[in-house]
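So this one's work-v8.json, JSON, C-alpha atoms:
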[["chain", "number", "residue", "atom", "x", "y", "z"],
["V", 1, "MET", "CA", -103.22, -23.32, -62.01],
["V", 2, "ASP", "CA", -104.73, -20.99, -64.59],
["V", 3, "LYS", "CA", -106.08, -17.57, -63.68],
["V", 4, "SER", "CA", -109.55, -18.53, -64.83],
["V", 5, "ALA", "CA", -111.61, -21.47, -65.98],
["V", 6, "GLU", "CA", -111.73, -19.84, -69.40],
["V", 7, "ASP", "CA", -107.93, -19.99, -69.74],
["V", 8, "ALA", "CA", -107.94, -23.69, -68.91],
["V", 9, "ARG", "CA", -111.11, -24.62, -70.83],
["V", 10, "PRO", "CA", -109.74, -25.10, -74.36],
["V", 11, "TRP", "CA", -107.01, -27.40, -73.08],
["V", 12, "ILE", "CA", -109.28, -29.49, -70.90],
["V", 13, "GLU", "CA", -111.93, -29.78, -73.59],
["V", 14, "ALA", "CA", -109.35, -30.83, -76.20],
["V", 15, "ALA", "CA", -107.90, -33.46, -73.88],
["V", 16, "LYS", "CA", -111.29, -34.92, -72.90],
["V", 17, "PRO", "CA", -109.86, -36.46, -69.72],
["V", 18, "THR", "CA", -111.65, -39.22, -67.85],
["V", 19, "HIS", "CA", -110.40, -37.74, -64.59],
["V", 20, "PRO", "CA", -111.62, -34.55, -62.92],
["V", 21, "SER", "CA", -109.83, -31.38, -63.96],
["V", 22, "LEU", "CA", -110.14, -28.69, -61.34],
["V", 23, "ILE", "CA", -109.60, -24.96, -61.59],
["V", 24, "ASP", "CA", -107.24, -23.57, -58.95],
["V", 25, "SER", "CA", -106.95, -19.88, -59.79],
["V", 26, "GLN", "CA", -106.12, -19.01, -56.16],
["V", 27, "HIS", "CA", -103.23, -21.52, -56.16],
["V", 28, "ILE", "CA", -104.71, -23.19, -53.10],
["V", 29, "VAL", "CA", -103.18, -26.58, -53.92],
["V", 30, "ALA", "CA", -99.86, -24.99, -54.85],
["V", 31, "ASP", "CA", -99.73, -23.40, -51.41],
["V", 32, "LEU", "CA", -100.92, -26.45, -49.48],
["V", 33, "TYR", "CA", -98.40, -28.74, -51.17],
["V", 34, "ASN", "CA", -95.52, -26.25, -51.56],
["V", 35, "MET", "CA", -95.55, -26.53, -55.34],
["V", 36, "VAL", "CA", -93.31, -24.10, -57.16],
["V", 37, "ASN", "CA", -93.92, -24.99, -60.82],
["V", 38, "VAL", "CA", -96.00, -27.02, -63.23],
["V", 39, "PRO", "CA", -96.13, -29.86, -63.85],
["V", 40, "THR", "CA", -95.91, -31.13, -60.30],
["V", 41, "VAL", "CA", -97.09, -34.65, -59.50],
["V", 42, "VAL", "CA", -97.87, -36.16, -56.09],
["V", 43, "TRP", "CA", -98.83, -39.75, -55.32],
["V", 44, "ILE", "CA", -101.48, -40.14, -52.60],
["V", 45, "ASP", "CA", -102.41, -43.54, -51.20],
["V", 46, "GLU", "CA", -105.76, -45.01, -50.24],
["V", 47, "GLY", "CA", -105.43, -43.69, -46.70],
["V", 48, "GLY", "CA", -104.86, -40.14, -47.89],
["V", 49, "SER", "CA", -101.11, -40.14, -47.18],
["V", 50, "ILE", "CA", -98.45, -38.73, -49.47],
["V", 51, "ALA", "CA", -96.81, -41.83, -50.98],
["V", 52, "ARG", "CA", -94.39, -39.91, -53.20],
["V", 53, "PRO", "CA", -93.79, -36.20, -52.74],
["V", 54, "ASN", "CA", -93.66, -33.36, -55.29],
["V", 55, "ASP", "CA", -91.87, -34.36, -58.48],
["V", 56, "VAL", "CA", -91.79, -33.16, -62.06],
["V", 57, "ALA", "CA", -93.16, -35.68, -64.52],
["V", 58, "PHE", "CA", -94.91, -35.56, -67.85],
["V", 59, "GLY", "CA", -97.45, -38.05, -69.15],
["V", 60, "GLN", "CA", -96.06, -37.94, -72.66],
["V", 61, "ASP", "CA", -92.88, -36.92, -74.47],
["V", 62, "THR", "CA", -94.51, -34.06, -76.38],
["V", 63, "PHE", "CA", -92.14, -31.50, -74.79],
["V", 64, "LYS", "CA", -89.16, -33.78, -74.22],
["V", 65, "ALA", "CA", -86.96, -31.87, -76.66],
["V", 66, "ILE", "CA", -87.56, -28.66, -74.69],
["V", 67, "THR", "CA", -87.61, -29.99, -71.14],
["V", 68, "GLY", "CA", -85.13, -32.84, -71.42],
["V", 69, "ILE", "CA", -87.52, -34.94, -69.33],
["V", 70, "ASP", "CA", -88.46, -38.44, -70.50],
["V", 71, "SER", "CA", -91.90, -39.69, -69.47],
["V", 72, "ALA", "CA", -91.25, -43.43, -69.44],
["V", 73, "LYS", "CA", -89.60, -43.98, -66.07],
["V", 74, "HIS", "CA", -92.18, -42.19, -63.97],
["V", 75, "MET", "CA", -95.04, -43.75, -65.93],
["V", 76, "ALA", "CA", -93.62, -47.23, -65.37],
["V", 77, "ALA", "CA", -93.15, -46.61, -61.66],
["V", 78, "LEU", "CA", -96.63, -45.12, -61.40],
["V", 79, "ARG", "CA", -98.26, -48.07, -63.15],
["V", 80, "ALA", "CA", -96.38, -50.53, -60.93],
["V", 81, "TRP", "CA", -97.54, -48.68, -57.83],
["V", 82, "VAL", "CA", -101.14, -48.41, -58.96],
["V", 83, "ARG", "CA", -101.26, -52.10, -59.86],
["V", 84, "GLY", "CA", -99.77, -53.05, -56.51],
["V", 85, "ASP", "CA", -96.69, -54.56, -58.18],
["V", 86, "ALA", "CA", -94.31, -52.26, -56.39],
["V", 87, "PRO", "CA", -94.48, -50.11, -53.27],
["V", 88, "SER", "CA", -93.85, -46.40, -53.44],
["V", 89, "MET", "CA", -91.28, -45.35, -50.86],
["V", 90, "ASP", "CA", -91.14, -45.52, -47.06],
["V", 91, "SER", "CA", -92.37, -42.53, -45.11],
["V", 92, "ASP", "CA", -88.92, -41.44, -43.94],
["V", 93, "THR", "CA", -87.82, -41.24, -47.57],
["V", 94, "VAL", "CA", -90.94, -39.27, -48.51],
["V", 95, "ARG", "CA", -90.22, -36.81, -45.73],
["V", 96, "SER", "CA", -86.56, -36.46, -46.69],
["V", 97, "LEU", "CA", -87.56, -35.64, -50.28],
["V", 98, "GLN", "CA", -89.98, -32.86, -49.36],
["V", 99, "ALA", "CA", -88.43, -29.51, -50.24],
["V", 100, "PRO", "CA", -87.78, -27.18, -47.29],
["V", 101, "LEU", "CA", -89.98, -24.14, -46.84],
["V", 102, "THR", "CA", -88.68, -20.74, -45.82],
["V", 103, "ASP", "CA", -90.27, -17.60, -44.43],
["V", 104, "HIS", "CA", -89.58, -15.90, -47.77],
["V", 105, "ASP", "CA", -91.49, -18.65, -49.59],
["V", 106, "GLN", "CA", -94.51, -17.96, -47.43],
["V", 107, "GLU", "CA", -94.17, -14.17, -47.67],
["V", 108, "ALA", "CA", -94.10, -14.62, -51.43],
["V", 109, "ARG", "CA", -97.31, -16.63, -51.26],
["V", 110, "ALA", "CA", -98.95, -13.93, -49.14],
["V", 111, "GLU", "CA", -97.93, -11.38, -51.81],
["V", 112, "PHE", "CA", -99.42, -13.63, -54.49],
["V", 113, "GLY", "CA", -102.63, -14.01, -52.49],
["V", 114, "LEU", "CA", -102.98, -10.24, -52.17],
["V", 115, "ALA", "CA", -102.04, -9.70, -55.82],
["V", 116, "ASN", "CA", -104.62, -12.23, -56.99],
["V", 117, "TRP", "CA", -107.36, -10.64, -54.91],
["V", 118, "LEU", "CA", -106.54, -7.23, -56.38],
["V", 119, "PHE", "CA", -106.33, -8.68, -59.90],
["V", 120, "GLU", "CA", -109.78, -10.25, -59.60],
["V", 121, "ARG", "CA", -111.16, -6.83, -58.72],
["V", 122, "GLY", "CA", -109.52, -5.12, -61.67],
["V", 123, "ARG", "CA", -107.01, -3.28, -59.47],
["V", 124, "LEU", "CA", -104.19, -4.08, -61.84],
["V", 125, "ASP", "CA", -101.46, -1.65, -60.73],
["V", 126, "GLY", "CA", -101.65, -2.98, -57.19],
["V", 127, "ALA", "CA", -101.83, -6.56, -58.45],
["V", 128, "VAL", "CA", -98.69, -6.17, -60.56],
["V", 129, "ARG", "CA", -96.82, -4.62, -57.65],
["V", 130, "HIS", "CA", -97.52, -7.61, -55.43],
["V", 131, "PHE", "CA", -97.01, -10.29, -58.10],
["V", 132, "GLU", "CA", -93.58, -8.75, -58.69],
["V", 133, "ARG", "CA", -92.81, -8.57, -54.99],
["V", 134, "GLY", "CA", -93.72, -12.25, -54.64],
["V", 135, "GLY", "CA", -91.32, -13.14, -57.43],
["V", 136, "GLU", "CA", -88.54, -11.16, -55.76],
["V", 137, "LEU", "CA", -89.08, -12.92, -52.44],
["V", 138, "ALA", "CA", -89.08, -16.41, -53.95],
["V", 139, "PRO", "CA", -87.20, -16.44, -57.25],
["V", 140, "HIS", "CA", -87.44, -20.23, -57.48],
["V", 141, "ASP", "CA", -91.24, -20.10, -57.29],
["V", 142, "PHE", "CA", -92.37, -20.20, -60.90],
["V", 143, "MET", "CA", -95.96, -20.70, -59.83],
["V", 144, "ILE", "CA", -95.63, -17.05, -58.91],
["V", 145, "ARG", "CA", -93.05, -15.74, -61.40],
["V", 146, "ARG", "CA", -94.41, -17.44, -64.51],
["V", 147, "GLY", "CA", -97.92, -18.14, -63.24],
["V", 148, "SER", "CA", -98.54, -14.41, -62.76],
["V", 149, "MET", "CA", -97.42, -13.46, -66.26],
["V", 150, "PRO", "CA", -100.91, -13.79, -67.76],
["V", 151, "MET", "CA", -102.26, -11.51, -65.01],
["V", 152, "ARG", "CA", -99.51, -9.01, -65.76],
["V", 153, "GLY", "CA", -100.26, -8.99, -69.48],
["V", 154, "ILE", "CA", -97.03, -10.85, -70.28],
["V", 155, "ASP", "CA", -96.91, -13.87, -72.60],
["V", 156, "PRO", "CA", -95.70, -16.79, -70.41],
["V", 157, "MET", "CA", -94.22, -18.42, -73.56],
["V", 158, "GLY", "CA", -92.64, -15.20, -74.83],
["V", 159, "PRO", "CA", -89.34, -13.33, -74.61],
["V", 160, "GLU", "CA", -89.73, -12.21, -70.99],
["V", 161, "PHE", "CA", -90.08, -15.80, -69.91],
["V", 162, "ALA", "CA", -87.16, -16.84, -72.12],
["V", 163, "LYS", "CA", -85.02, -14.16, -70.46],
["V", 164, "MET", "CA", -86.10, -15.26, -66.97],
["V", 165, "LEU", "CA", -85.31, -18.89, -67.79],
["V", 166, "THR", "CA", -81.90, -18.06, -69.30],
["V", 167, "GLU", "CA", -80.91, -16.03, -66.25],
["V", 168, "TRP", "CA", -82.15, -18.72, -63.89],
["V", 169, "GLU", "CA", -80.28, -21.52, -65.62],
["V", 170, "ALA", "CA", -77.14, -19.43, -66.16],
["V", 171, "ALA", "CA", -76.96, -19.04, -62.39],
["V", 172, "GLY", "CA", -76.76, -22.83, -62.14],
["V", 173, "ASN", "CA", -80.38, -23.49, -61.18],
["V", 174, "ALA", "CA", -82.73, -26.12, -62.53],
["V", 175, "TYR", "CA", -86.07, -24.88, -63.83],
["V", 176, "TYR", "CA", -87.69, -28.24, -63.13],
["V", 177, "ARG", "CA", -86.96, -29.70, -59.70],
["V", 178, "GLN", "CA", -87.06, -33.42, -60.25],
["V", 179, "LEU", "CA", -86.65, -35.93, -57.45],
["V", 180, "PRO", "CA", -83.32, -37.78, -57.52],
["V", 181, "GLU", "CA", -83.32, -41.13, -59.32],
["Q", 1, "MET", "CA", -108.12, 6.14, -32.76],
["Q", 2, "LYS", "CA", -109.78, 7.89, -35.64],
["Q", 3, "ALA", "CA", -110.68, 5.19, -38.15],
["Q", 4, "GLU", "CA", -111.03, 5.93, -41.83],
["Q", 5, "ARG", "CA", -112.60, 3.74, -44.50],
["Q", 6, "THR", "CA", -112.71, -0.02, -44.26],
["Q", 7, "PHE", "CA", -109.65, -2.15, -44.77],
["Q", 8, "THR", "CA", -109.74, -5.72, -46.05],
["Q", 9, "ILE", "CA", -107.77, -8.49, -44.38],
["Q", 10, "LEU", "CA", -107.53, -11.77, -46.28],
["Q", 11, "ASP", "CA", -106.94, -14.34, -43.58],
["Q", 12, "GLU", "CA", -105.55, -17.24, -45.67],
["Q", 13, "GLY", "CA", -108.10, -16.18, -48.27],
["Q", 14, "ARG", "CA", -111.03, -15.62, -45.89],
["Q", 15, "VAL", "CA", -112.19, -12.02, -46.33],
["Q", 16, "VAL", "CA", -112.77, -9.83, -43.30],
["Q", 17, "GLU", "CA", -113.33, -6.09, -43.22],
["Q", 18, "VAL", "CA", -112.01, -3.97, -40.39],
["Q", 19, "SER", "CA", -111.70, -0.28, -39.62],
["Q", 20, "THR", "CA", -108.15, 0.91, -39.58],
["Q", 21, "ALA", "CA", -106.15, 4.06, -39.33],
["Q", 22, "ILE", "CA", -103.19, 4.28, -41.65],
["Q", 23, "GLU", "CA", -100.14, 6.28, -40.59],
["Q", 24, "GLY", "CA", -97.47, 6.12, -43.27],
["Q", 25, "ASP", "CA", -96.94, 2.43, -43.82],
["Q", 26, "ARG", "CA", -98.48, 1.45, -40.49],
["Q", 27, "VAL", "CA", -101.90, -0.19, -40.40],
["Q", 28, "LEU", "CA", -103.50, 0.33, -37.00],
["Q", 29, "LEU", "CA", -106.60, -1.35, -35.67],
["Q", 30, "GLU", "CA", -108.37, -1.57, -32.37],
["Q", 31, "THR", "CA", -108.17, -4.73, -30.28],
["Q", 32, "ALA", "CA", -111.92, -5.27, -30.62],
["Q", 33, "ASP", "CA", -111.60, -5.35, -34.42],
["Q", 34, "LEU", "CA", -108.61, -7.67, -34.18],
["Q", 35, "GLU", "CA", -110.61, -10.07, -32.05],
["Q", 36, "ARG", "CA", -113.68, -9.92, -34.30],
["Q", 37, "ALA", "CA", -111.67, -10.34, -37.49],
["Q", 38, "LEU", "CA", -108.91, -12.74, -36.52],
["Q", 39, "SER", "CA", -110.09, -14.27, -33.22],
["Q", 40, "TRP", "CA", -107.03, -13.06, -31.29],
["Q", 41, "GLU", "CA", -108.04, -11.67, -27.92],
["Q", 42, "LEU", "CA", -106.00, -9.37, -25.72],
["Q", 43, "LYS", "CA", -105.69, -10.83, -22.21],
["Q", 44, "PRO", "CA", -103.32, -10.17, -19.30],
["Q", 45, "GLU", "CA", -101.18, -13.08, -20.57],
["Q", 46, "GLY", "CA", -100.87, -11.46, -23.99],
["Q", 47, "PHE", "CA", -102.63, -12.14, -27.28],
["Q", 48, "CYS", "CA", -104.58, -15.37, -27.08],
["Q", 49, "LYS", "CA", -106.35, -17.58, -29.61],
["Q", 50, "GLY", "CA", -107.81, -20.86, -28.48],
["Q", 51, "SER", "CA", -105.32, -22.34, -26.04],
["Q", 52, "THR", "CA", -102.37, -20.36, -27.39],
["Q", 53, "CYS", "CA", -101.19, -17.16, -25.71],
["Q", 54, "ILE", "CA", -98.29, -15.06, -26.91],
["Q", 55, "PRO", "CA", -96.87, -12.52, -24.45],
["Q", 56, "ILE", "CA", -96.54, -8.97, -25.70],
["Q", 57, "PRO", "CA", -92.95, -7.80, -25.96],
["Q", 58, "ASP", "CA", -91.99, -4.91, -23.69],
["Q", 59, "ASP", "CA", -90.97, -2.58, -26.50],
["Q", 60, "ASP", "CA", -94.54, -1.36, -27.07],
["Q", 61, "THR", "CA", -94.47, -1.55, -30.87],
["Q", 62, "VAL", "CA", -97.17, -4.22, -31.29],
["Q", 63, "ILE", "CA", -99.81, -2.45, -29.23],
["Q", 64, "SER", "CA", -99.96, 1.07, -27.92],
["Q", 65, "ASP", "CA", -102.95, 2.77, -26.23],
["Q", 66, "GLY", "CA", -105.18, -0.15, -27.22],
["Q", 67, "VAL", "CA", -104.23, 0.16, -30.87],
["Q", 68, "VAL", "CA", -102.52, -2.73, -32.68],
["Q", 69, "ASP", "CA", -99.95, -2.38, -35.44],
["Q", 70, "LEU", "CA", -101.01, -5.07, -37.95],
["Q", 71, "THR", "CA", -97.52, -5.67, -39.37],
["Q", 72, "LYS", "CA", -95.93, -6.04, -35.94],
["Q", 73, "PHE", "CA", -98.82, -8.23, -34.83],
["Q", 74, "ALA", "CA", -98.35, -10.57, -37.78],
["Q", 75, "LYS", "CA", -94.69, -10.92, -36.84],
["Q", 76, "LEU", "CA", -95.66, -11.67, -33.25],
["Q", 77, "ILE", "CA", -97.96, -14.52, -34.31],
["Q", 78, "ASP", "CA", -95.37, -15.67, -36.87],
["Q", 79, "ARG", "CA", -97.54, -15.33, -39.95],
["Q", 80, "PRO", "CA", -96.45, -13.74, -43.23],
["Q", 81, "LEU", "CA", -98.27, -10.54, -44.14],
["Q", 82, "ALA", "CA", -98.50, -8.74, -47.47],
["Q", 83, "VAL", "CA", -99.81, -5.19, -47.06],
["Q", 84, "ASP", "CA", -100.91, -2.49, -49.46],
["Q", 85, "THR", "CA", -101.90, 0.68, -47.64],
["Q", 86, "ALA", "CA", -102.92, 2.43, -50.86],
["Q", 87, "GLU", "CA", -105.27, -0.43, -51.74],
["Q", 88, "ARG", "CA", -106.37, -0.77, -48.10],
["Q", 89, "ALA", "CA", -105.85, -4.52, -48.16],
["Q", 90, "ALA", "CA", -103.57, -7.13, -46.66],
["Q", 91, "TYR", "CA", -103.11, -10.87, -46.95],
["Q", 92, "LEU", "CA", -102.24, -12.85, -43.81],
["Q", 93, "GLY", "CA", -100.72, -16.15, -44.88],
["Q", 94, "THR", "CA", -99.50, -19.43, -43.45],
["Q", 95, "SER", "CA", -96.21, -19.64, -41.56],
["Q", 96, "ALA", "CA", -93.39, -21.73, -42.95],
["Q", 97, "GLY", "CA", -93.24, -23.64, -39.68],
["Q", 98, "SER", "CA", -96.91, -24.48, -39.74],
["Q", 99, "ARG", "CA", -96.87, -25.58, -43.40],
["Q", 100, "THR", "CA", -93.69, -27.63, -42.94],
["Q", 101, "GLU", "CA", -95.07, -29.35, -39.88],
["Q", 102, "PHE", "CA", -98.29, -30.29, -41.65],
["Q", 103, "LEU", "CA", -96.54, -31.66, -44.74],
["Q", 104, "ALA", "CA", -94.06, -33.60, -42.60],
["Q", 105, "GLY", "CA", -97.02, -35.46, -41.13],
["Q", 106, "LEU", "CA", -97.47, -36.83, -44.69],
["Q", 107, "GLN", "CA", -101.26, -36.40, -44.65],
["Q", 108, "ALA", "CA", -102.10, -35.09, -48.10],
["Q", 109, "PRO", "CA", -103.82, -31.74, -47.42],
["Q", 110, "ASP", "CA", -107.49, -31.83, -48.35],
["Q", 111, "PHE", "CA", -108.95, -29.27, -50.72],
["Q", 112, "THR", "CA", -112.19, -28.53, -52.56],
["Q", 113, "LEU", "CA", -112.10, -26.98, -56.03],
["Q", 114, "PRO", "CA", -114.54, -26.59, -58.95],
["Q", 115, "ASP", "CA", -114.33, -28.23, -62.35],
["Q", 116, "LEU", "CA", -115.20, -26.41, -65.59],
["Q", 117, "ASP", "CA", -118.91, -26.91, -64.93],
["Q", 118, "GLY", "CA", -118.59, -25.40, -61.47],
["Q", 119, "LYS", "CA", -119.09, -28.74, -59.74],
["Q", 120, "THR", "CA", -116.84, -29.05, -56.71],
["Q", 121, "HIS", "CA", -114.58, -31.99, -55.97],
["Q", 122, "SER", "CA", -112.58, -32.73, -52.82],
["Q", 123, "LEU", "CA", -109.48, -34.86, -52.44],
["Q", 124, "SER", "CA", -111.23, -36.58, -49.55],
["Q", 125, "ASP", "CA", -113.90, -37.82, -52.02],
["Q", 126, "TYR", "CA", -111.22, -40.25, -53.18],
["Q", 127, "ARG", "CA", -110.26, -41.74, -49.84],
["Q", 128, "GLY", "CA", -109.96, -45.49, -50.40],
["Q", 129, "GLN", "CA", -108.40, -45.05, -53.86],
["Q", 130, "LYS", "CA", -104.91, -44.18, -54.98],
["Q", 131, "VAL", "CA", -104.74, -40.65, -56.35],
["Q", 132, "LEU", "CA", -102.28, -39.04, -58.74],
["Q", 133, "LEU", "CA", -102.47, -35.31, -58.13],
["Q", 134, "VAL", "CA", -101.12, -33.35, -61.08],
["Q", 135, "ALA", "CA", -100.76, -29.59, -61.10],
["Q", 136, "TYR", "CA", -100.65, -28.16, -64.60],
["Q", 137, "ALA", "CA", -101.43, -24.91, -66.43],
["Q", 138, "SER", "CA", -101.76, -23.34, -69.84],
["Q", 139, "TRP", "CA", -98.62, -21.37, -68.98]]
Representation of the structure as structure tokens:
Amino acid sequence: MDKSAEDARPWIEAAKPTHPSLIDSQHIVADLYNMVNVPTVVWIDEGGSIARPNDVAFGQDTFKAITGIDSAKHMAALRAWVRGDAPSMDSDTVRSLQAPLTDHDQEARAEFGLANWLFERGRLDGAVRHFERGGELAPHDFMIRRGSMPMRGIDPMGPEFAKMLTEWEAAGNAYYRQLPE
Amino acid sequence: MKAERTFTILDEGRVVEVSTAIEGDRVLLETADLERALSWELKPEGFCKGSTCIPIPDDDTVISDGVVDLTKFAKLIDRPLAVDTAERAAYLGTSAGSRTEFLAGLQAPDFTLPDLDGKTHSLSDYRGQKVLLVAYASW
């Protein structure tokens, strides 16, 4: 979900993954799957069905001290599913765990789409205006609020993000929306 | 209607150019342009696309003298619209209802995206295998 292949390149090249790493600067997958942050993981079965809906999971514990999220449980469940040792969840459960979508969520995504198009054409004032509007419409959508920081010339690891996170959590919200146990 | 320069409509990312008149914050286009750009045709039953027809409300704000107000039209067809009259561009997105309905069907939406070398990959390439889809970023 980087704004360009060049932003993602150093990370992908350092990781040398054996799986495909795709560049989604338009947030096409985020929109299709109603993803509001990274990392978001989805399990998809052999028939192309969603076996486990959007969750937050890390492959390692590199950031555990910051995120509070332990990687072991999801990894164990994932391995068991992949090996065929355990099923995922029934379809009614999958459906019940999909986050609801509101008109504001989709308006925010339209703002992001417009902002991105303007950004790619160097029309930065207009881009910023619409990135900001998207964030106002969907304050829980960090794909938009944090994801647009690089386009707005803001460090997504810096003080503006820290302030956003503090305010968000102080209001009683979780930054990472994990599925219930 | 006196049209000015071109206006860009991004229809879920697909780029179409139309001629519009802009009056304040209103983006106005002719029905012929609407049909060409977005495939919605004005018929006696209302605005129609494929087998769907939506009657025009009586209050005359969506269409007047053959000229369509883009913002009001988007509301009529229940699609979110982001507009920038100064930039002469708008993005017409996907409705919450439509997205919710698709996801509730539990078919993982297909997509095609490039890797670092520009080679494209589709989710449907992996039909027959389990897939872990991970969204990540440098931010």
Kindly provide, as a count of residues only, the residues of chain Q having any atom no farther than 8 Å from an atom of chain V, counting only C-alpha atoms.
46
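Across the model, the gap from atom CA of Q:Phe73 to atom CA of Q:Ile9 is 13.1 Å.
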Q:Glu17 surroundings by only C-alpha atoms, 10 Å radius, close-in-sequence under 4 positions cut, as an NGL selection string:
:Q and (5-10 or 33 or 36-37 or 89)
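Between atom CA of V:Arg145 and atom CA of V:Phe131 the separation is 7.5 Å.
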Given the point (-83.8, -20.6, -64.6) in the file's coordinates, find the residues that have an atom at most 12 Å from it, counting all atoms listed in the file, and give them as a ChimeraX atom specification.
/V:37,139-142,145-146,161-177
Can you write out the residues you just picked, keeping C-alpha atoms, as a CSV table (one decimal), in the frame of the given file?
chain,number,residue,atom,x,y,z
V,37,ASN,CA,-93.9,-25.0,-60.8
V,139,PRO,CA,-87.2,-16.4,-57.2
V,140,HIS,CA,-87.4,-20.2,-57.5
V,141,ASP,CA,-91.2,-20.1,-57.3
V,142,PHE,CA,-92.4,-20.2,-60.9
V,145,ARG,CA,-93.0,-15.7,-61.4
V,146,ARG,CA,-94.4,-17.4,-64.5
V,161,PHE,CA,-90.1,-15.8,-69.9
V,162,ALA,CA,-87.2,-16.8,-72.1
V,163,LYS,CA,-85.0,-14.2,-70.5
V,164,MET,CA,-86.1,-15.3,-67.0
V,165,LEU,CA,-85.3,-18.9,-67.8
V,166,THR,CA,-81.9,-18.1,-69.3
V,167,GLU,CA,-80.9,-16.0,-66.2
V,168,TRP,CA,-82.2,-18.7,-63.9
V,169,GLU,CA,-80.3,-21.5,-65.6
V,170,ALA,CA,-77.1,-19.4,-66.2
V,171,ALA,CA,-77.0,-19.0,-62.4
V,172,GLY,CA,-76.8,-22.8,-62.1
V,173,ASN,CA,-80.4,-23.5,-61.2
V,174,ALA,CA,-82.7,-26.1,-62.5
V,175,TYR,CA,-86.1,-24.9,-63.8
V,176,TYR,CA,-87.7,-28.2,-63.1
V,177,ARG,CA,-87.0,-29.7,-59.7
Two-atom distance - atom CA of V:Glu120, atom CA of Q:Val18 (Å):
20.3 Å
